[in-house]
Each structure stands twice: as structure tokens, then as C-alpha cells.
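Next comes final_34.txt, a file with compact mmCIF, C-alpha atoms.
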# COMPACT_ATOMS: atom_id res chain seq x y z
CA MET G 2 25.16 31.98 11.44
CA ILE G 3 24.09 29.81 14.42
CA SER G 4 24.70 31.52 17.73
CA CYS G 5 26.86 29.90 20.37
CA HIS G 6 23.99 30.28 22.85
CA ILE G 7 21.63 28.20 20.70
CA VAL G 8 24.24 25.50 20.20
CA SER G 9 24.93 25.43 23.94
CA GLN G 10 21.23 25.07 24.71
CA ASP G 11 20.95 22.19 22.23
CA LEU G 12 23.91 20.47 23.84
CA VAL G 13 22.27 20.81 27.25
CA ALA G 14 19.23 19.00 25.85
CA VAL G 15 21.18 16.00 24.51
CA ALA G 16 24.17 15.75 26.83
CA PRO G 17 24.24 13.56 29.95
CA THR G 18 22.65 15.30 32.93
CA ASP G 19 25.74 15.01 35.12
CA ALA G 20 28.08 17.04 32.89
CA LEU G 21 28.40 18.60 29.45
CA PRO G 22 31.22 17.55 27.15
CA VAL G 23 34.26 19.68 27.76
CA THR G 24 36.40 19.51 24.64
CA PRO G 25 35.28 20.59 21.13
CA THR G 26 35.85 17.03 19.89
CA GLU G 27 33.53 15.63 22.55
CA ARG G 28 30.92 18.26 21.78
CA LEU G 29 31.08 17.39 18.07
CA ALA G 30 30.53 13.74 18.96
CA VAL G 31 27.43 14.67 20.97
CA LEU G 32 26.13 16.78 18.08
CA GLU G 33 26.61 13.83 15.70
CA VAL G 34 24.41 11.66 17.90
CA ALA G 35 21.85 14.44 18.35
CA ALA G 36 21.75 15.11 14.60
CA GLU G 37 21.05 11.44 13.81
CA GLN G 38 18.28 11.33 16.42
CA TYR G 39 16.75 14.56 15.11
CA VAL G 40 16.78 13.46 11.46
CA ARG G 41 15.20 10.16 12.46
CA THR G 42 12.26 11.96 14.11
CA GLN G 43 11.66 14.04 10.96
CA ARG G 44 10.78 11.01 8.86
CA PRO G 45 7.03 10.46 8.25
CA ALA G 46 5.43 8.09 10.76
CA ASN G 47 4.65 5.53 8.04
CA THR G 48 8.30 5.49 6.97
CA GLN G 49 9.48 5.06 10.55
CA ARG G 50 7.10 2.14 11.06
CA ALA G 51 8.24 0.52 7.81
CA TYR G 52 11.92 0.85 8.77
CA ALA G 53 11.19 -0.60 12.21
CA ALA G 54 9.46 -3.61 10.61
CA ASP G 55 12.37 -4.08 8.19
CA TRP G 56 14.84 -4.02 11.06
CA LYS G 57 12.89 -6.71 12.92
CA VAL G 58 13.20 -8.94 9.85
CA TRP G 59 16.94 -8.19 9.70
CA THR G 60 17.39 -9.14 13.37
CA ARG G 61 15.59 -12.44 12.77
CA TYR G 62 17.98 -13.12 9.88
CA VAL G 63 21.20 -12.36 11.79
CA THR G 64 19.94 -14.33 14.80
CA GLU G 65 19.21 -17.35 12.62
CA LEU G 66 22.69 -17.15 11.06
CA GLY G 67 24.43 -16.38 14.33
CA ILE G 68 26.19 -13.25 13.08
CA PRO G 69 26.42 -9.80 14.74
CA GLU G 70 23.46 -7.46 14.32
CA ASP G 71 25.71 -4.73 12.91
CA SER G 72 27.16 -6.90 10.13
CA ALA G 73 27.42 -4.49 7.19
CA THR G 74 29.49 -6.65 4.85
CA ALA G 75 28.72 -7.80 1.33
CA GLY G 76 28.34 -11.35 2.60
CA ALA G 77 25.75 -10.32 5.20
CA LEU G 78 23.70 -8.19 2.79
CA VAL G 79 23.79 -10.68 -0.10
CA GLY G 80 22.93 -13.42 2.39
CA PHE G 81 19.91 -11.35 3.50
CA VAL G 82 18.65 -11.17 -0.08
CA VAL G 83 19.07 -14.94 -0.54
CA TRP G 84 17.43 -15.62 2.84
CA LEU G 85 14.37 -13.58 1.84
CA GLU G 86 14.27 -15.23 -1.60
CA ARG G 87 14.14 -18.67 0.02
CA GLN G 88 11.08 -17.49 1.94
CA ASP G 89 9.38 -16.69 -1.40
CA ALA G 90 9.33 -12.97 -0.68
CA ALA G 91 8.40 -10.81 -3.67
CA PRO G 92 11.29 -8.83 -5.21
CA THR G 93 9.60 -5.57 -4.18
CA THR G 94 9.49 -6.84 -0.60
CA VAL G 95 13.16 -7.84 -0.73
CA ASP G 96 14.00 -4.40 -2.13
CA ARG G 97 12.20 -2.65 0.71
CA ARG G 98 13.61 -4.95 3.42
CA LEU G 99 17.14 -4.42 2.10
CA ALA G 100 16.71 -0.64 2.08
CA GLY G 101 15.33 -0.71 5.62
CA ALA G 102 18.18 -2.89 6.85
CA VAL G 103 20.77 -0.51 5.35
CA VAL G 104 19.07 2.45 7.05
CA GLY G 105 19.05 0.55 10.35
CA LEU G 106 22.74 -0.30 10.05
CA ARG G 107 23.60 3.34 9.37
CA GLN G 108 21.59 4.45 12.38
CA ARG G 109 23.67 2.12 14.50
CA GLY G 110 26.98 3.38 13.17
CA ALA G 111 27.63 0.52 10.77
CA GLU G 112 27.88 2.12 7.33
CA PRO G 113 27.75 -0.59 4.63
CA PRO G 114 30.47 -0.06 1.99
CA LYS G 115 29.21 0.88 -1.47
CA ALA G 116 30.53 -2.40 -2.83
CA ALA G 117 28.41 -4.29 -0.28
CA THR G 118 25.14 -2.57 -1.24
CA GLU G 119 25.97 -2.98 -4.94
CA ALA G 120 26.55 -6.69 -4.43
CA ALA G 121 23.19 -7.02 -2.65
CA ARG G 122 21.45 -5.13 -5.47
CA ALA G 123 23.10 -7.43 -8.00
CA ALA G 124 21.76 -10.44 -6.09
CA LEU G 125 18.28 -8.89 -6.09
CA ASN G 126 18.44 -8.21 -9.83
CA GLY G 127 19.43 -11.83 -10.38
CA TYR G 128 16.39 -12.92 -8.37
CA ARG G 129 14.13 -10.72 -10.50
CA ARG G 130 15.65 -12.13 -13.70
CA ARG G 131 15.18 -15.74 -12.64
CA LEU G 132 11.53 -15.13 -11.80
CA ALA G 133 11.00 -13.42 -15.16
CA GLU G 134 12.66 -16.25 -17.06
CA ALA G 135 10.46 -18.77 -15.24
CA GLY G 136 7.35 -16.71 -15.92
CA GLU G 137 6.69 -16.59 -12.19
CA LYS G 138 5.19 -13.69 -10.30
CA ARG G 139 5.38 -13.08 -6.59
CA GLY G 140 3.61 -10.40 -4.59
CA ARG G 141 0.72 -8.19 -5.60
CA GLY G 142 2.70 -6.23 -8.16
CA LYS G 143 1.87 -2.67 -9.10
CA ALA G 144 -1.46 -1.20 -8.11
CA PRO G 145 -3.81 -1.17 -11.12
CA ALA G 146 -4.10 2.36 -12.47
CA MET G 147 -7.53 3.97 -12.19
CA GLU G 148 -8.54 5.59 -15.48
CA VAL G 149 -11.00 8.42 -16.09
CA LYS G 150 -13.51 5.95 -17.52
CA HIS G 151 -13.36 4.08 -14.22
CA LEU G 152 -13.88 7.29 -12.28
CA ARG G 153 -17.01 8.05 -14.30
CA ALA G 154 -18.45 4.62 -13.53
CA MET G 155 -17.51 4.90 -9.85
CA SER G 156 -19.00 8.37 -9.53
CA ALA G 157 -22.24 7.27 -11.18
CA ALA G 158 -22.50 4.25 -8.89
CA CYS G 159 -22.12 6.27 -5.68
CA PRO G 160 -25.58 6.50 -4.03
CA ASP G 161 -27.15 9.85 -3.16
CA THR G 162 -26.50 9.29 0.52
CA LEU G 163 -24.04 10.97 2.86
CA THR G 164 -21.67 8.03 2.47
CA GLY G 165 -22.03 8.05 -1.31
CA ILE G 166 -21.34 11.80 -1.50
CA ARG G 167 -18.25 11.34 0.66
CA ASP G 168 -16.99 8.39 -1.38
CA ARG G 169 -17.39 10.32 -4.65
CA ALA G 170 -15.52 13.35 -3.29
CA LEU G 171 -12.77 11.21 -1.78
CA ALA G 172 -12.14 9.18 -4.95
CA LEU G 173 -12.17 12.23 -7.24
CA LEU G 174 -9.96 14.36 -5.01
CA ALA G 175 -7.53 11.50 -4.32
CA PHE G 176 -7.19 11.05 -8.09
CA ALA G 177 -6.87 14.78 -8.83
CA ILE G 178 -4.06 15.32 -6.29
CA ALA G 179 -2.44 11.92 -6.97
CA GLY G 180 -2.76 11.33 -3.25
CA ARG G 181 -1.33 8.47 -1.26
CA ARG G 182 -3.73 6.91 1.26
CA SER G 183 -1.93 8.57 4.13
CA GLU G 184 -1.99 11.97 2.41
CA VAL G 185 -5.73 11.83 1.78
CA ALA G 186 -6.38 10.67 5.35
CA ALA G 187 -4.29 13.54 6.74
CA LEU G 188 -6.12 16.27 4.79
CA LEU G 189 -7.91 18.91 6.83
CA VAL G 190 -10.80 21.03 5.60
CA SER G 191 -8.48 24.03 5.84
CA ASP G 192 -6.02 22.32 3.48
CA VAL G 193 -8.51 22.54 0.61
CA VAL G 194 -8.99 26.15 -0.48
CA GLU G 195 -11.23 27.33 -3.31
CA ALA G 196 -9.79 29.54 -6.03
CA PRO G 197 -11.43 30.91 -9.20
CA GLU G 198 -9.66 28.21 -11.22
CA GLY G 199 -10.55 25.33 -8.89
CA LEU G 200 -9.03 24.08 -5.64
CA VAL G 201 -5.61 24.61 -4.08
CA VAL G 202 -4.81 21.59 -1.93
CA THR G 203 -1.98 21.65 0.59
CA ILE G 204 -0.50 18.26 1.39
CA ARG G 205 1.34 19.04 4.58
CA SER G 206 3.48 15.94 4.70
CA GLY G 207 4.19 13.03 2.43
CA LYS G 208 6.85 10.47 1.59
CA THR G 209 8.99 13.10 -0.12
CA GLY G 210 7.78 16.11 1.89
CA GLY G 211 4.82 18.44 1.55
CA ARG G 212 3.50 19.95 -1.66
CA THR G 213 0.74 22.21 -2.95
CA VAL G 214 -1.44 20.86 -5.75
CA ALA G 215 -3.69 22.92 -8.00
CA VAL G 216 -6.88 21.06 -8.97
CA PRO G 217 -8.74 22.66 -11.89
CA HIS G 218 -12.48 22.44 -12.53
CA GLY G 219 -13.41 19.24 -14.33
CA SER G 220 -14.95 19.31 -17.79
CA HIS G 221 -17.56 16.68 -16.83
CA GLU G 222 -19.95 17.30 -13.96
CA SER G 223 -19.86 13.71 -12.70
CA THR G 224 -16.06 13.67 -12.37
CA CYS G 225 -15.37 17.26 -11.36
CA PRO G 226 -13.44 17.14 -8.06
CA VAL G 227 -14.39 20.75 -7.28
CA ARG G 228 -18.14 20.06 -7.51
CA ALA G 229 -17.73 16.82 -5.55
CA TRP G 230 -15.82 18.59 -2.77
CA ARG G 231 -18.45 21.33 -2.51
CA ALA G 232 -21.21 18.71 -2.39
CA TRP G 233 -19.46 16.86 0.44
CA LEU G 234 -19.02 20.05 2.49
CA ALA G 235 -22.66 21.01 1.97
CA ALA G 236 -24.00 17.55 2.86
CA SER G 237 -21.75 16.97 5.87
CA GLY G 238 -21.79 20.49 7.27
CA ILE G 239 -18.15 20.18 8.33
CA THR G 240 -16.12 23.37 8.48
CA GLU G 241 -12.91 22.27 10.17
CA GLY G 242 -10.90 19.24 11.18
CA ALA G 243 -10.46 16.10 9.10
CA ALA G 244 -11.59 16.51 5.50
CA PHE G 245 -12.91 12.96 5.18
CA ARG G 246 -14.75 11.34 8.07
CA ARG G 247 -16.12 8.02 9.17
CA ILE G 248 -19.90 7.70 8.96
CA ASP G 249 -21.83 5.20 11.07
CA ARG G 250 -24.84 3.19 9.92
CA HIS G 251 -27.16 5.85 11.30
CA GLY G 252 -25.57 8.53 9.11
CA ARG G 253 -23.72 10.19 11.98
CA ILE G 254 -20.39 11.79 11.13
CA LEU G 255 -17.53 10.62 13.33
CA GLY G 256 -13.77 11.16 13.36
CA GLY G 257 -11.36 11.22 10.45
CA LEU G 258 -10.71 8.21 8.24
CA ALA G 259 -7.49 6.27 8.74
CA ALA G 260 -5.20 5.64 5.76
CA GLN G 261 -6.34 2.02 5.53
CA SER G 262 -9.97 3.16 5.46
CA VAL G 263 -9.22 5.56 2.59
CA GLY G 264 -7.96 2.58 0.61
CA ALA G 265 -11.07 0.60 1.54
CA VAL G 266 -13.36 3.40 0.29
CA ILE G 267 -11.59 3.41 -3.08
CA THR G 268 -11.71 -0.40 -3.35
CA GLN G 269 -15.42 -0.50 -2.47
CA ALA G 270 -16.22 2.32 -4.91
CA GLY G 271 -14.65 0.28 -7.71
CA GLU G 272 -16.51 -2.87 -6.71
CA ARG G 273 -19.79 -0.96 -6.48
CA ALA G 274 -19.30 0.25 -10.05
CA GLY G 275 -18.55 -3.27 -11.31
CA VAL G 276 -14.98 -2.47 -12.34
CA THR G 277 -13.29 -5.74 -13.24
CA VAL G 278 -9.94 -4.93 -11.59
CA ARG G 279 -9.55 -4.52 -7.84
CA PHE G 280 -8.41 -1.00 -7.04
CA THR G 281 -6.27 -0.22 -4.00
CA GLY G 282 -5.52 3.01 -2.22
CA HIS G 283 -2.61 3.57 -4.62
CA SER G 284 -4.70 3.16 -7.78
CA ALA G 285 -5.85 6.79 -7.84
CA ARG G 286 -2.24 8.01 -7.67
CA ALA G 287 -1.12 5.59 -10.37
CA GLY G 288 -4.11 6.58 -12.49
CA LEU G 289 -3.35 10.29 -12.43
CA VAL G 290 0.20 9.60 -13.65
CA THR G 291 -1.10 7.38 -16.45
CA GLU G 292 -3.84 9.73 -17.61
CA ALA G 293 -1.60 12.80 -17.37
CA ARG G 294 0.98 11.09 -19.57
CA ARG G 295 -1.74 10.07 -22.01
CA ALA G 296 -2.77 13.75 -22.19
CA GLY G 297 0.80 14.64 -23.24
CA HIS G 298 2.26 16.02 -20.00
CA ASP G 299 5.99 15.56 -19.44
CA ALA G 300 7.72 13.88 -16.50
CA LYS G 301 8.64 17.18 -14.82
CA THR G 302 5.06 18.46 -14.82
CA ILE G 303 3.73 15.13 -13.55
CA SER G 304 6.34 14.73 -10.80
CA GLN G 305 5.72 18.28 -9.52
CA HIS G 306 2.04 17.43 -9.20
CA THR G 307 2.48 13.99 -7.64
CA GLY G 308 5.50 14.66 -5.46
CA HIS G 309 7.48 11.81 -7.04
CA ALA G 310 11.23 12.25 -7.18
CA PRO G 311 12.08 13.38 -10.75
CA ASN G 312 14.05 10.17 -11.37
CA SER G 313 11.51 7.88 -9.69
CA ARG G 314 11.46 4.40 -11.22
CA VAL G 315 7.83 4.00 -10.15
CA LEU G 316 6.86 7.20 -11.99
CA TYR G 317 8.55 6.07 -15.20
CA ASP G 318 7.03 2.59 -14.94
CA TYR G 319 3.54 4.09 -14.95
CA MET G 320 4.37 6.49 -17.78
CA ARG G 321 5.79 3.59 -19.74
CA THR G 322 2.35 1.97 -19.93
CA VAL G 323 1.36 4.90 -22.17
CA ASP G 324 4.71 5.52 -23.90
CA GLN G 325 5.05 1.93 -25.08
CA TRP G 326 2.22 2.61 -27.54
CA ALA G 327 2.62 6.34 -28.14
CA ASP G 328 6.28 5.99 -29.16
CA ASN G 329 6.66 2.44 -30.44
CA ALA G 330 9.65 1.40 -32.54
CA ALA G 331 7.60 -1.17 -34.44
CA ALA G 332 4.91 1.34 -35.45
CA GLY G 333 4.90 2.97 -38.87
CA ILE G 334 7.56 0.72 -40.43
CA GLY G 335 5.23 -1.08 -42.82
CA LEU G 336 4.48 -4.25 -40.90

Show the structure stored in the file as C-alpha cells.
Amino acid sequence: MISCHIVSQDLVAVAPTDALPVTPTERLAVLEVAAEQYVRTQRPANTQRAYAADWKVWTRYVTELGIPEDSATAGALVGFVVWLERQDAAPTTVDRRLAGAVVGLRQRGAEPPKAATEAARAALNGYRRRLAEAGEKRGRGKAPAMEVKHLRAMSAACPDTLTGIRDRALALLAFAIAGRRSEVAALLVSDVVEAPEGLVVTIRSGKTGGRTVAVPHGSHESTCPVRAWRAWLAASGITEGAAFRRIDRHGRILGGLAAQSVGAVITQAGERAGVTVRFTGHSARAGLVTEARRAGHDAKTISQHTGHAPNSRVLYDYMRTVDQWADNAAAGIGL
């Protein structure tokens, strides 16, 4: 049970400096505001930045139409979808902008009715359908999944330099933990702990919270993430701080890589190996899902490893690339 003293101290922190609320109703109102502010600060920095960008787009829309910023009606939300469509935004972009706008409205006390969000989603689905019928694609689409055969080629193409040793370790570990760019960039040396079976990697924060991932020894020396990690530690001499660092042209180790730089390392490793598709920072994560499904693992096992929500549409889309052949209705019927 929360003590009255703690609650009182929290109220002192959020209440106006001239006086605390007097009545229980007023105090509850202050706690409502404080709770919303607190929850907002607990979101990952990347998520907060994305929501802020989405809200800027929403404000441009309502300004252009001359409607109030807190318009949470079906007309306003459906209009937002149509407005974005007319700017040739990709459906995935519209989806994200719409979600960000709804979050922004809620933060400002304008809760969109369920019917309004459903109407906006229906408009978005209609947009997707029209593009599909026209055979038209907008946006980059899904990140191409990195397969084990690609990893072998990338590992072999990494030079025996400090940068090459880092790139090999980064690509293999990112794949093995199904890491997002931001998660790999945030790793500390202390987050990667050796165990008899391999590595235990602690991802302290991610899109859906932190998780601990067990990384077993690889069966091939060139793609074993445990060997690659050990080689990177030995070559770099690092014992603490950021797990993956920038390296200048003189071979000097600098500060930690940013999330964007993690993606660049993966892209360059693919190009160096002559892989025909252009990998992004998300390709390693997508690849682990695909290869794990191909190896026969179920959705629960995969989602626990990757940190996807169990009902994630993205997760099932990647698994579907394997399932469409493994369990195909047209197979085995005598065609």
C-alpha cells in the first residue's frame, strides 16, 4: 500500500508552488496530470521523438484546414488519412502518423472515440487496397531479411583490421539478438556476459521494454557470434562502456556508435560482400525471425527472443515468408 507521506511528497513536486490542492477531488486531478507526465517520460527516446514528429505533421494538417488542434472526431482523423494520401505518403507512414496523432490528442485531453479511430483505419485500409489493385508501391517497404548465407558472405568479406573485426562482431551479434539499431548502439560491454553455453545479452531498453537474450555458440566458426565478440574484445582492448565504438582512419577507438551508424555498418558489410539486396539496420532483426521460423521455432519462442509483442503483425509478416512454402494449400494435391 502506498503511504500517505509518499503521495503527499509527490503532490508537492507537481502542485503549484503557491499552494497544494485542498480537496481530494483537486488532488486527484493533480495526480491525473502528474501520471500522464510521468508515463510520457518513460517512453523510449526514439518513440518520444517519433511522436513529436507525428504531432508536428498533425498541426500542419489542422492549420491548413483551419480546424482546432484538439479535433478528435472521425471527420478530422479520416481527413488526416486522406490529406497524407494526397501527399503520396506510404501506407506505413500514414499508419505511424495516425498513431502518433492519436497519442498526441490523448496527451492533450482529447480522447478520440473508438468509432473515430476505426473510421480512420478503414480509410487507411482502403488506401492500401487501391494501391495494391493498381500495382503501385510507395515507401521503402519491409527491410530485406538477412539470411545465414548472407552472414557467411559478410563475415568472410570483413577485413582482418580493427574495423573489420568490429563489423563482423556487430553484424553477428545484432542478428543473434534480433537487435534494433538503437538496441545494438545502447549495448554496454557489461551487458554481454559469457556463460558456458554462449552469451547472455541484456537489452536494457527497447520499443517494448528490456529483455535478456541467450546467444548460443554457433556451429560455424565464421558466423559464431560468441567467437566474434571475443575477437572484438581482444582486438579493441575495451573492458567497459559502449560495446561497439567508432574507429577513426588511424585505427583509434573513439566513443560509442549511434543507432544510425549501426545501420550504416550493416549496410556497408552487405555491400562489401557483394550481396545483391541493400540491407538496413532492421535486416538483422528481420533475418533472425525468418531463419528461426525456417528452423521450426514457434511464434512464442521467437517473440520471447526478439521482444516482439506476441500478436505483432510485423512478426507474423516475416514468419509468413517461410510459412507460405512450408504449409502451402496447393502443395501435395497432385498438380

Restricting the calculation to only C-alpha atoms, which member of G:Ser262, G:Gln108, G:Thr118, G:Ser156 is positioned closest to Ile248 of chain G? G:Ser262

Using 10 Å as the limit and counting only C-alpha atoms, can you tabulate each residue of segment 133-210 of chain G that touches segment 277-290 of chain G, with its shortest atom-to-atom distance in Å and the two atoms involved, as a tab-separated table?
residue	atom	partner	partner_atom	distance
G:Lys143	CA	G:Ala287	CA	8.9
G:Ala144	CA	G:Ser284	CA	5.4
G:Pro145	CA	G:Ser284	CA	5.5
G:Ala146	CA	G:Gly288	CA	4.2
G:Met147	CA	G:Gly288	CA	4.3
G:Glu148	CA	G:Gly288	CA	5.4
G:Val149	CA	G:Gly288	CA	8.0
G:His151	CA	G:Gly288	CA	9.7
G:Leu152	CA	G:Ala285	CA	9.2
G:Ala172	CA	G:Ala285	CA	7.3
G:Leu173	CA	G:Ala285	CA	8.4
G:Leu174	CA	G:Ala285	CA	9.1
G:Ala175	CA	G:Ala285	CA	6.1
G:Phe176	CA	G:Ala285	CA	4.5
G:Ala177	CA	G:Leu289	CA	6.7
G:Ile178	CA	G:Arg286	CA	7.7
G:Ala179	CA	G:Arg286	CA	4.0
G:Gly180	CA	G:Arg286	CA	5.6
G:Arg181	CA	G:His283	CA	6.1
G:Arg182	CA	G:Gly282	CA	5.5
G:Ser183	CA	G:Gly282	CA	9.2
G:Val185	CA	G:Gly282	CA	9.7

Compare G:Ala215, G:Ala187, G:Ala75, G:Ala117 by their minimum atom-to-atom distance to His306 of chain G, counting only C-alpha atoms, and give me the closest one.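 Distance minimum relative to His306 of chain G lands on G:Ala215.
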
For atom CA of Arg294 of chain G and atom CA of Asn312 of chain G, quote the distance in Å rounded to one decimal.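 Interatomic distance here is 15.5 Å.
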
Taking the point (-15.6, 17.1, -5.7) as given in the file, collect each protein or nucleic acid residue that comes within 10 Å of it, counting all atoms listed in the file, and present the set as a ChimeraX atom specification. /G:166-175,177,200,218-219,222-234

Kindly give the distance, in Å, that separates atom CA of Gly264 of chain G and atom CA of Arg97 of chain G, rounded to a single decimal.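 Between atom CA of Gly264 of chain G and atom CA of Arg97 of chain G the gap is 20.8 Å.
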